[in-house]
Every structure is written in C-alpha cells, then in structure tokens.
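What follows is a short report on a single structure.
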Amino acid sequence: MSFRYILRYYIDPGFHEDERIPELVRLCQNGQIEEVMLFQNPEELFQGYPDDDEVERWFAMARKVKEALNQAGIAMSINPWCTTVHVSRGRSFGEKQRSFQPMIGETGAVSPIVSCPLDPGWRRQLCDFWARIAAELCPRAIWIEDDWRLHNHGDDLGFGGCFCPRHLKRFAEMTGETVDRETLLANILAPGPPHPWRAAWLELCGATLLEPARALYRCVRKANPEVRLGLMCSGPGEHSAEGRDWDLLKQAISPDRPLLLRPHLPPYTESSAMFTPPSTARHTICSVSGELEIYPELENSPRCGIYSKSGTFSIYECLEAAMFGSRGITINHFDMMGNGLALDDTFPGELRRAKARLDAIADLGLHDSRAVGVKILFKTDVARHIPSNDPHSIFGLVNRSELWSSVFYVLGISHAFTQNPTREGTYAVSDRTVAALSDDEIEMLLSGQVILDAPSVELLTARGFGELIGVNAARWNEQQDTGFAYEEIVWGDVSDWRVDKPRMTASRCSPRVLFADLAPTALPVTRIMKYDRTPLCPGSFFTKNRLGGEIYAIAYPIGKLQFFPGFFNPFRRLLFRNILRKQFRNTAILFSDCEALQCDCNESPEQTVLSFRNPVSDARPYLRFTYAGIQDPRVEMLQSDGSWSGRTLTACGRDSWLLEENIAPLDAVILRQKKSSATVPNINQRGAERFIPTGKDEAVRRSPRIANISEPLDGIKKTKEE
C-alpha cells in the first residue's frame, strides 16, 4: 500500500500559469506525489465571494491542470479555500455583488464577510459551485475546508457564532423561549449544572452545519456520483463546544464510503517536536466511528518553504502520522500566491527519500483502535455536560480531554484514546471530562485503575466520590498565597531514584495547585513543599478503594505550565513508570526507558509494531524499552529503503529489552514482530513485576526490590485498611 502524498497547491489564473503547470507535474514526479489538491480562491489572494468572471478564469485554468496531471498519471482533488469563510482580513460582503446573512459572534460583532450557514442563498451558491466542480473537473474528491465551523472566524467575534436573527428565531421555535444573545449566553454559560438551554443551543449549532453538509453531498452526488467529499477539521474540544456530532457529520458527507478525514496536526511552523506530539490528530480520528481514510495536515505556515519548516521535520511528522494509521498526508509547503517552487527545489527530494519507508509502514495496516497503553478517556459531547469555566464566552465549554496524551508522549508511555470506560486496563482523565460521565460510569471507572489530574479530583470530590479517590476535601491555592516551590518524592528509596527524596520543580508546573485533605485510605507519593522546605500538601497520592479500584492523582492542572518542561524531568518519568508498572501492575504498556523518546505500540492478531521517535537534537546511541508483548528477542527493524532487517534484542530483565541502534534527531526506530498462533503473547495487565531499568551500563542487573506502597515510608503512617 502506498503512503499517499497529496500536495495542496495553487496556480493563479493568468499569473505565469503556462509555466507553473508543467513545473507542477515535474515537482510531483520528483517527489513521488500521487495527488494534487488544487486550491481555489486561497489565502492572500482570497477574493471573498468571487464574481462570475473570476470563477470562469479559475475553471479554465483548472481544466488545463487536470489534463496535464491526467497525462502524467497524477490524480487531482479540489480544495475551495472557503465555505463560510475563515476570516475577513479586510474583505467584505458586496464587493463582488454577493451578500449573505453575516455571522454574528458571541460578542455581538457582525462579521463583514463570514456567512451564517443557515442563510439559504449561501447554501444555494455553495451547492451550485461544488456541483459544477464535480461535473466539469471530475476530481477524486472535493475537500471541505476547516472553516466548516462556528468558532474561530476572527477575534472580534469571540469564540464565534452564530447569534444572528435566524439562529435566535430557530432557537425560539425549538424551546418556546424568545431570547436575545445576552440572555442566551448568560444561561448556557451559567455556573453550576448546565442550564437546559445549553443542550438545545448545541443541538441547533450542530444542525447549522449538518443541514448544509447533507445538501452539499446530495448536489455533488447528483452531479458526479464518483466524487467524494473530504472533511478538514479543528480540535475535538472546540467542535464539541459548537455541537458537532462526528458520526452524523460522517453520515452526511460520506454515507456509503470511508470518510476522507484531514485531522489537525500541529505545528504549523517548526518548533520542538517534543512540544507538539500528534495528540489532537489521534483524538480526532478516535472521535469518528466507522471506516476512515486519514490524511492529516502537514501544514507549513506562513508557507515560506524551508524558512517555515525543514524537510526533516516534515518527514518526522509523516512518520508520526503513519504510526496511527494514516493512509497518507496532505502537504502545504509552497505559498498560495502562484509562485510555484519559488526558488525552493529541495523539498521534493525529501519526500522521495522517505517514500519507501512510509509505504512500508502503510503496508502494515495499522489502525489507532489497536493502539496499546494507558487509555485516554474522552467524550465527544463533553460540552453538553461540563461546568463552564468562563461565564462570558463559549470558550468556557472547550474541554481538553487529550492532555494526558501530551504528557505520556513526553514521558515515553504508550497510550490510546477511548470513550468507553470499563474495569479493564488503566485510564487517564483530564480537565472536566469526568463531568460528562454518569454516576454509574464514574463508579465503574473508579473500580479499575485510573490516573487523575487536579481538575478531575476537584469535580469527583464535589460530586460525592471523594471517598473512592481518597479525598475528604480539596481547594485550590495560588502560588502567590502559599509560596509552593518544589515537589519531593516520598515513596520508594535511594535504590529507586539514586537520591533520597528527589526534588522536582512545582513553581514551574502551574500557577496554582489543588490542596487535598486526604482520607486515611490515601497514601502520599509526593508532596508539595514551600520555599523554606516545609510541607504544604500532597503533590500526588495513591488510593485503593472499597470497589477494588486503584487511583493515582496529581495536584496539578495539566496544560497550565509556566514553562512546558516544568512538569517533565527524569525523576517524574521514572515515577510514572513505577506507578504504572509496579503499583498498577500493568504490563500492557510500552515504556521507553530512554529519556525523551516518544513511543507508540500497535497490536493485532498478526503482529506487534513498536515505534520510538527522537524529538530532540541529540542522537540516542541505543534503544531500551519495557513491554510484556515482546517475549522473543528476534524482531525486524524498518530500514530507510523500506525493507525489514532482522535484529536480536538483548534481555535486560523481566520484559525489558536493549537494542544497540542509533536514533538520529527527528528520526525513528520502528520494530515489528510477527505472530503465529503458538507465539501470541499473553499480556497480563495486572501481573507482578519488580524490575526497574537503571541505564545501559547496568542492562543485565536487577535493581533491589522497591518498597511496596503498603509498606510505611519515612514520615508516613501505615493506614488501618492496609
């Protein structure tokens, strides 16, 4: 199977187009690019709603591009750069004699160019235009831009819209309540349990984009049944706050074929790969049921070629995408002003050199539903249930369910995403996600193994589940008021950490922490210390509850870091590993035992596939990892030419392995082990384990036994229950 390169590209009608078209063909041939996603009306040259003459010039140019690509055996899809329109940037209605109901934001601001999706004239114009594209150009697909949303249409609109008269009238028809924008917002954002209007409003918002999606599918299908619709999107947290039902949207635009999906894959401009793991993209694809063809965005913004993003970084993102089951990638690299290669002729070579390796990963048939590790819990409809944290903006309904994913990537812990809590495996919950669970779901969740951040602890305590997580009461305290400075580990001993009670920064982790009054069943694992070295509160704690559940909770809200690396250091990496491996006894998690390496694990009946990526600028001279799913030292490693080469791992202790293989910066080692019916490993998620890797120089030495959490530690009393 080929890992499909889809190049997003623009040729401006009348601007050297006869030079640009053959140049595009050569570019695709040199870079082994299978498809061009031709833009219409993009970015800097965006014409608002173009007039008839501009439309005709574009169609004439697009037909020439299609003919040239056909002759070269290269497919073409179309990407109209706007549906509702991204943002004004000086454009306005009426400039091209086209005007629709403008979107009105939560602030009351009226957009000068963004259309309300309920406007029937806008829907007719959009459907007619797309039907003509399907009939005349016969593209492989037409892609719905990520402006198919109500949020992010300009800062002056706040979160976004739409609060126009059409929407307020529809809301009144749904609820029997005639309201203005201010009253509606005050109620849907009111503190406490969600007001009944919130569910009705989110239902209306969802319908606002579902209805035109269905109309768009019908008209394109009628014009050319072979043309597919693809969906570009933003983050699931924002889409939940605008009422999106992913499965209904999939059914609307791709009812009988796999959905072409382009999830958001930051960063747009090159930055540290450690800061930008593919958490949002994985969260997105797990939000949609059914069959998908996944082509994440390889964005390069402001599209200055090598000045925005190197070829090496771009290929690193392709490797990330391939490991969660992407069929290919949609590529932005060149500008959208018609300059073509614009003196940047190195990128096709980068694509060509990576192609065989990416094709080999695509041949593995990976799917993120088979990812193995800690289970990140989320709900697509979370915005209907959570308490608003902003009484003035719908941003207060945006929830960050994926935050633990970023943590686990940095700490080298494999993980997956799920909406369905069970008693099996280990779950991680962040932000206000638990508010989307019923009491029965919470009890089931807390009867298993769970990792909680501070907001989750706060909400569970408020809902009466404090006993099950070992908390009597909890309150937030600011750094300015308490002087919290660092966190020390009070669990284990010198043999675990190589220093007694190692310290980690607290002041750089968050501007506030949750002071928890622990129940007798809870045992502190770390404690937050004041600058004068006096203890303030638990930094994290472990609880075994009456339901048989095991809970590990931290005092920090994730994602509120003063500095990104504040929460991350070697001691915390080892601490999380010990909690998961020793206390939760979960051996169905892949751990990278080398600092900074990010890892993924994918299990199927046929094979185990492990990925280790190096996001930092230092090469790693060897690979060391722990995973019970590898029980035979014989594995295969993917080579740069796409072939698989046999390797023999060195055993370093129970389930721990060493591979003498250099991992270059922004590169990856990908291993696979084929299975037979006689060799499929039995991964016991709660099996005992007593080995902790301590470094390459001690690869075959077992460390001393770690103190069990039921054993009293210095300064901590053993509880009666234990």
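We name chains A, B, ... following the order of the structure tokens; residues begin at 1 in each chain, and ligands are numbered from 1 as shown.
Within segment 63-260 of chain A, the backbone-based DSSP assignment of strand (DSSP E) covers Ala75, Met76, Ser77, Ile78, Asn79, Pro80, Pro102, Met103, Ile104, Val110, Ser111, Pro112, Ile113, Val114, Ser115, Ala141, Ile142, Trp143, Ile144, Arg228, Leu229, Gly230, Leu231, Met232, Leu259 and Leu260 of chain A.
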Can you tell me, as a compact mmCIF listing (two decimals) with C-alpha atoms, in the first residue's frame, which residues in segment 247-413 of chain A count as helix (DSSP H, G or I) by DSSP?
```txt
# COMPACT_ATOMS: atom_id res chain seq x y z
CA ASP A 247 -20.90 10.38 13.35
CA LEU A 248 -23.87 12.32 11.97
CA LEU A 249 -21.48 14.54 10.04
CA LYS A 250 -19.70 11.49 8.62
CA GLN A 251 -23.07 10.05 7.60
CA ALA A 252 -24.00 13.35 5.97
CA ILE A 253 -20.96 13.68 3.69
CA ALA A 273 8.90 18.15 18.29
CA MET A 274 8.71 17.38 22.00
CA PHE A 275 6.19 20.21 22.38
CA SER A 279 -2.37 14.15 20.36
CA THR A 280 -5.06 16.27 18.68
CA ALA A 281 -4.94 14.23 15.46
CA ARG A 282 -5.34 10.94 17.34
CA HIS A 283 -8.13 12.41 19.48
CA THR A 284 -9.92 13.45 16.28
CA ILE A 285 -9.77 10.14 14.45
CA GLY A 305 9.22 26.62 2.48
CA ILE A 306 12.40 25.89 4.38
CA TYR A 307 12.05 29.13 6.36
CA GLY A 311 12.10 18.76 5.16
CA THR A 312 13.49 16.69 8.04
CA PHE A 313 10.77 17.95 10.39
CA SER A 314 8.09 17.36 7.75
CA ILE A 315 9.14 13.73 7.30
CA TYR A 316 9.18 13.29 11.08
CA GLU A 317 5.52 14.34 11.11
CA CYS A 318 4.80 11.87 8.31
CA LEU A 319 6.31 9.09 10.43
CA GLU A 320 4.10 10.13 13.35
CA ALA A 321 1.02 10.12 11.12
CA ALA A 322 1.81 6.73 9.59
CA MET A 323 2.06 5.15 13.04
CA PHE A 347 11.51 19.56 -0.79
CA PRO A 348 10.61 17.00 -3.50
CA GLY A 349 13.86 15.18 -2.76
CA GLU A 350 12.96 14.93 0.93
CA LEU A 351 9.62 13.39 0.02
CA ARG A 352 11.20 10.96 -2.42
CA ARG A 353 13.80 9.73 0.09
CA ALA A 354 11.13 8.99 2.71
CA LYS A 355 8.58 7.37 0.41
CA ALA A 356 9.71 3.72 0.57
CA ARG A 357 9.84 3.79 4.36
CA LEU A 358 6.39 5.37 4.66
CA ASP A 359 4.95 2.90 2.13
CA ALA A 360 6.28 0.04 4.26
CA ILE A 361 4.51 1.41 7.34
CA ALA A 362 1.30 1.84 5.35
CA ASP A 363 1.58 -1.83 4.32
CA ASP A 368 -5.34 3.51 16.06
CA SER A 369 -8.14 1.40 17.52
CA ARG A 370 -5.45 -1.24 18.09
CA VAL A 382 -18.45 16.75 26.66
CA ALA A 383 -19.54 20.40 26.15
CA ARG A 384 -23.13 19.43 26.98
CA ILE A 394 -18.26 29.71 24.79
CA PHE A 395 -14.54 29.09 25.17
CA GLY A 396 -15.63 28.14 28.69
CA LEU A 397 -17.14 24.96 27.20
CA LEU A 403 -3.95 16.49 27.79
CA TRP A 404 -2.61 13.24 29.23
CA SER A 405 -1.59 12.22 25.72
CA SER A 406 0.94 15.05 25.54
CA VAL A 407 2.26 14.07 28.98
CA PHE A 408 2.64 10.41 28.05
CA TYR A 409 4.38 11.21 24.79
CA VAL A 410 6.99 13.27 26.65
CA LEU A 411 7.41 10.61 29.35
```
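Remark: for Val513 of chain A, the closest of the candidate residues A:Ala454, A:Leu216, A:Ala553, A:Val616 is A:Ala454 (distances computed over only C-alpha atoms).
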Skip segment 522-525 of chain A itself and residues of its chain fewer than 6 positions away, then list as number ranges by chain all residues within 7 Å of it, counting only C-alpha atoms. A: 470, 489-491, 538, 540-543
For Lys501 of chain A, find every residue with an atom within 10 Å (counting only C-alpha atoms), except residues of its own chain fewer than 4 positions away, and show them as number ranges by chain. A: 487-494, 496-497, 526, 714
Include all heavy atoms and write out the residues we just selected as a CSV table (one decimal), in the first residue's frame.
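For reference, result.csv as written:
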```
chain,number,residue,atom,x,y,z
A,487,GLU,N,8.5,19.9,44.6
A,487,GLU,CA,7.8,18.7,44.9
A,487,GLU,C,8.8,17.6,45.2
A,487,GLU,O,9.8,17.5,44.5
A,487,GLU,CB,6.9,18.3,43.8
A,487,GLU,CG,6.0,17.0,44.0
A,487,GLU,CD,5.2,16.8,42.7
A,487,GLU,OE1,5.4,17.4,41.7
A,487,GLU,OE2,4.4,15.9,42.8
A,488,GLU,N,8.7,16.9,46.3
A,488,GLU,CA,9.6,15.8,46.6
A,488,GLU,C,8.9,14.4,46.6
A,488,GLU,O,7.8,14.3,47.0
A,488,GLU,CB,10.4,16.1,47.9
A,488,GLU,CG,9.6,16.0,49.1
A,488,GLU,CD,10.4,16.1,50.4
A,488,GLU,OE1,11.5,16.6,50.3
A,488,GLU,OE2,9.9,15.8,51.5
A,489,ILE,N,9.6,13.4,46.1
A,489,ILE,CA,9.1,12.1,46.1
A,489,ILE,C,9.4,11.4,47.5
A,489,ILE,O,10.5,11.4,47.9
A,489,ILE,CB,9.8,11.2,45.0
A,489,ILE,CG1,9.5,11.9,43.6
A,489,ILE,CG2,9.2,9.8,45.0
A,489,ILE,CD1,10.3,11.2,42.5
A,490,VAL,N,8.3,11.0,48.1
A,490,VAL,CA,8.4,10.4,49.5
A,490,VAL,C,8.1,8.9,49.5
A,490,VAL,O,8.0,8.3,50.5
A,490,VAL,CB,7.5,11.1,50.5
A,490,VAL,CG1,7.9,12.6,50.7
A,490,VAL,CG2,6.0,11.0,50.0
A,491,TRP,N,8.0,8.4,48.3
A,491,TRP,CA,7.7,6.9,48.1
A,491,TRP,C,8.9,6.3,47.5
A,491,TRP,O,9.6,6.8,46.6
A,491,TRP,CB,6.5,6.8,47.2
A,491,TRP,CG,6.2,5.4,46.7
A,491,TRP,CD1,6.0,4.3,47.5
A,491,TRP,CD2,6.1,5.0,45.4
A,491,TRP,NE1,5.7,3.2,46.7
A,491,TRP,CE2,5.8,3.6,45.4
A,491,TRP,CE3,6.2,5.6,44.1
A,491,TRP,CZ2,5.6,2.8,44.3
A,491,TRP,CZ3,5.9,4.8,43.0
A,491,TRP,CH2,5.6,3.5,43.0
A,492,GLY,N,9.3,5.1,48.0
A,492,GLY,CA,10.5,4.4,47.5
A,492,GLY,C,11.7,4.8,48.3
A,492,GLY,O,11.6,5.5,49.3
A,493,ASP,N,12.9,4.5,47.8
A,493,ASP,CA,14.1,4.8,48.5
A,493,ASP,C,15.2,5.1,47.5
A,493,ASP,O,15.0,5.2,46.3
A,493,ASP,CB,14.5,3.6,49.4
A,493,ASP,CG,14.6,2.3,48.7
A,493,ASP,OD1,15.0,2.3,47.5
A,493,ASP,OD2,14.3,1.3,49.3
A,494,VAL,N,16.4,5.2,48.0
A,494,VAL,CA,17.5,5.6,47.1
A,494,VAL,C,17.7,4.6,46.0
A,494,VAL,O,18.1,5.1,44.9
A,494,VAL,CB,18.8,5.7,48.0
A,494,VAL,CG1,20.0,6.0,47.1
A,494,VAL,CG2,18.7,6.7,49.1
A,496,ASP,N,15.6,3.4,44.1
A,496,ASP,CA,14.7,3.7,43.1
A,496,ASP,C,15.1,4.9,42.3
A,496,ASP,O,15.0,4.9,41.0
A,496,ASP,CB,13.3,4.0,43.6
A,496,ASP,CG,12.7,2.9,44.5
A,496,ASP,OD1,13.1,1.7,44.2
A,496,ASP,OD2,11.9,3.1,45.4
A,497,TRP,N,15.6,5.9,42.9
A,497,TRP,CA,15.8,7.2,42.3
A,497,TRP,C,17.3,7.6,42.3
A,497,TRP,O,17.6,8.6,41.7
A,497,TRP,CB,15.1,8.3,43.1
A,497,TRP,CG,13.8,7.9,43.6
A,497,TRP,CD1,13.4,7.7,45.0
A,497,TRP,CD2,12.6,7.5,42.9
A,497,TRP,NE1,12.1,7.3,45.1
A,497,TRP,CE2,11.6,7.2,43.8
A,497,TRP,CE3,12.3,7.4,41.5
A,497,TRP,CZ2,10.3,6.7,43.4
A,497,TRP,CZ3,11.0,7.0,41.1
A,497,TRP,CH2,10.0,6.7,42.1
A,526,THR,N,4.1,11.9,46.5
A,526,THR,CA,5.0,13.1,46.5
A,526,THR,C,4.3,14.1,47.4
A,526,THR,O,3.1,14.0,47.7
A,526,THR,CB,5.2,13.6,45.1
A,526,THR,OG1,3.9,14.1,44.6
A,526,THR,CG2,5.7,12.6,44.2
A,714,ASP,N,9.1,6.8,55.2
A,714,ASP,CA,9.6,7.7,56.2
A,714,ASP,C,8.6,8.8,56.4
A,714,ASP,O,8.2,9.5,55.4
A,714,ASP,CB,10.9,8.3,55.8
A,714,ASP,CG,12.1,7.3,55.8
A,714,ASP,OD1,11.9,6.2,56.4
A,714,ASP,OD2,13.1,7.6,55.2
```
Residues within 8 Å of Trp201 of chain A, please, as a ChimeraX atom specification. Count only C-alpha atoms; anything in the same chain fewer than 5 positions from it doesn't count. /A:171,188,243
Selection above as a file: N, CA and C atoms, as a CSV table (one decimal), in the first residue's frame:
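Final output, again15.csv:
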```csv
chain,number,residue,atom,x,y,z
A,171,PHE,N,-33.9,29.0,17.6
A,171,PHE,CA,-33.9,28.6,19.0
A,171,PHE,C,-35.2,28.8,19.7
A,188,ILE,N,-26.5,29.6,29.1
A,188,ILE,CA,-25.7,28.4,28.7
A,188,ILE,C,-24.4,28.4,29.3
A,243,GLY,N,-21.3,21.9,19.2
A,243,GLY,CA,-22.4,21.0,19.0
A,243,GLY,C,-22.1,19.9,17.9
```
Check which residues of segment 151-187 of chain A sit at most 8 Å from segment 85-90 of chain A using only C-alpha atoms, and return one row each with the closest pair of atoms and their distance in Å to one decimal, ordered by chain and rising number, as a tab-separated table.
```
residue	atom	partner	partner_atom	distance
A:Asn152	CA	A:His86	CA	7.6
A:His153	CA	A:Val87	CA	4.9
A:Gly154	CA	A:Val87	CA	5.5
```
Any idea what's packed within 6 Å of segment 561-576 of chain A, counting only C-alpha atoms, ignoring anything in its chain fewer than 6 positions away? Could you give it as number ranges by chain? A: 411, 508-510
Using only C-alpha atoms, which protein or nucleic acid residues come within 6 Å of segment 621-624 of chain A? Drop anything in the same chain fewer than 4 positions from it, and give the result as a list in words. Asp593, Trp657, Leu658, Leu659, Glu660, Glu661 and Asn662 of chain A
Min atom-atom distance to Ala199 of chain A from the set A:Ile133, A:Asp381, A:Glu297, A:Ser115, counting only C-alpha atoms, belongs to A:Asp381
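Straight-line separation from atom CA of Ala555 of chain A to atom CA of Ser456 of chain A: 10.0 Å.
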In Å, with one decimal, what is the gap from atom CA of Pro511 of chain A to atom CA of Ala474 of chain A? 16.5 Å
Computed interatomic separation between atom CA of Gly549 of chain A and atom CA of Leu446 of chain A (Å): 5.4 Å
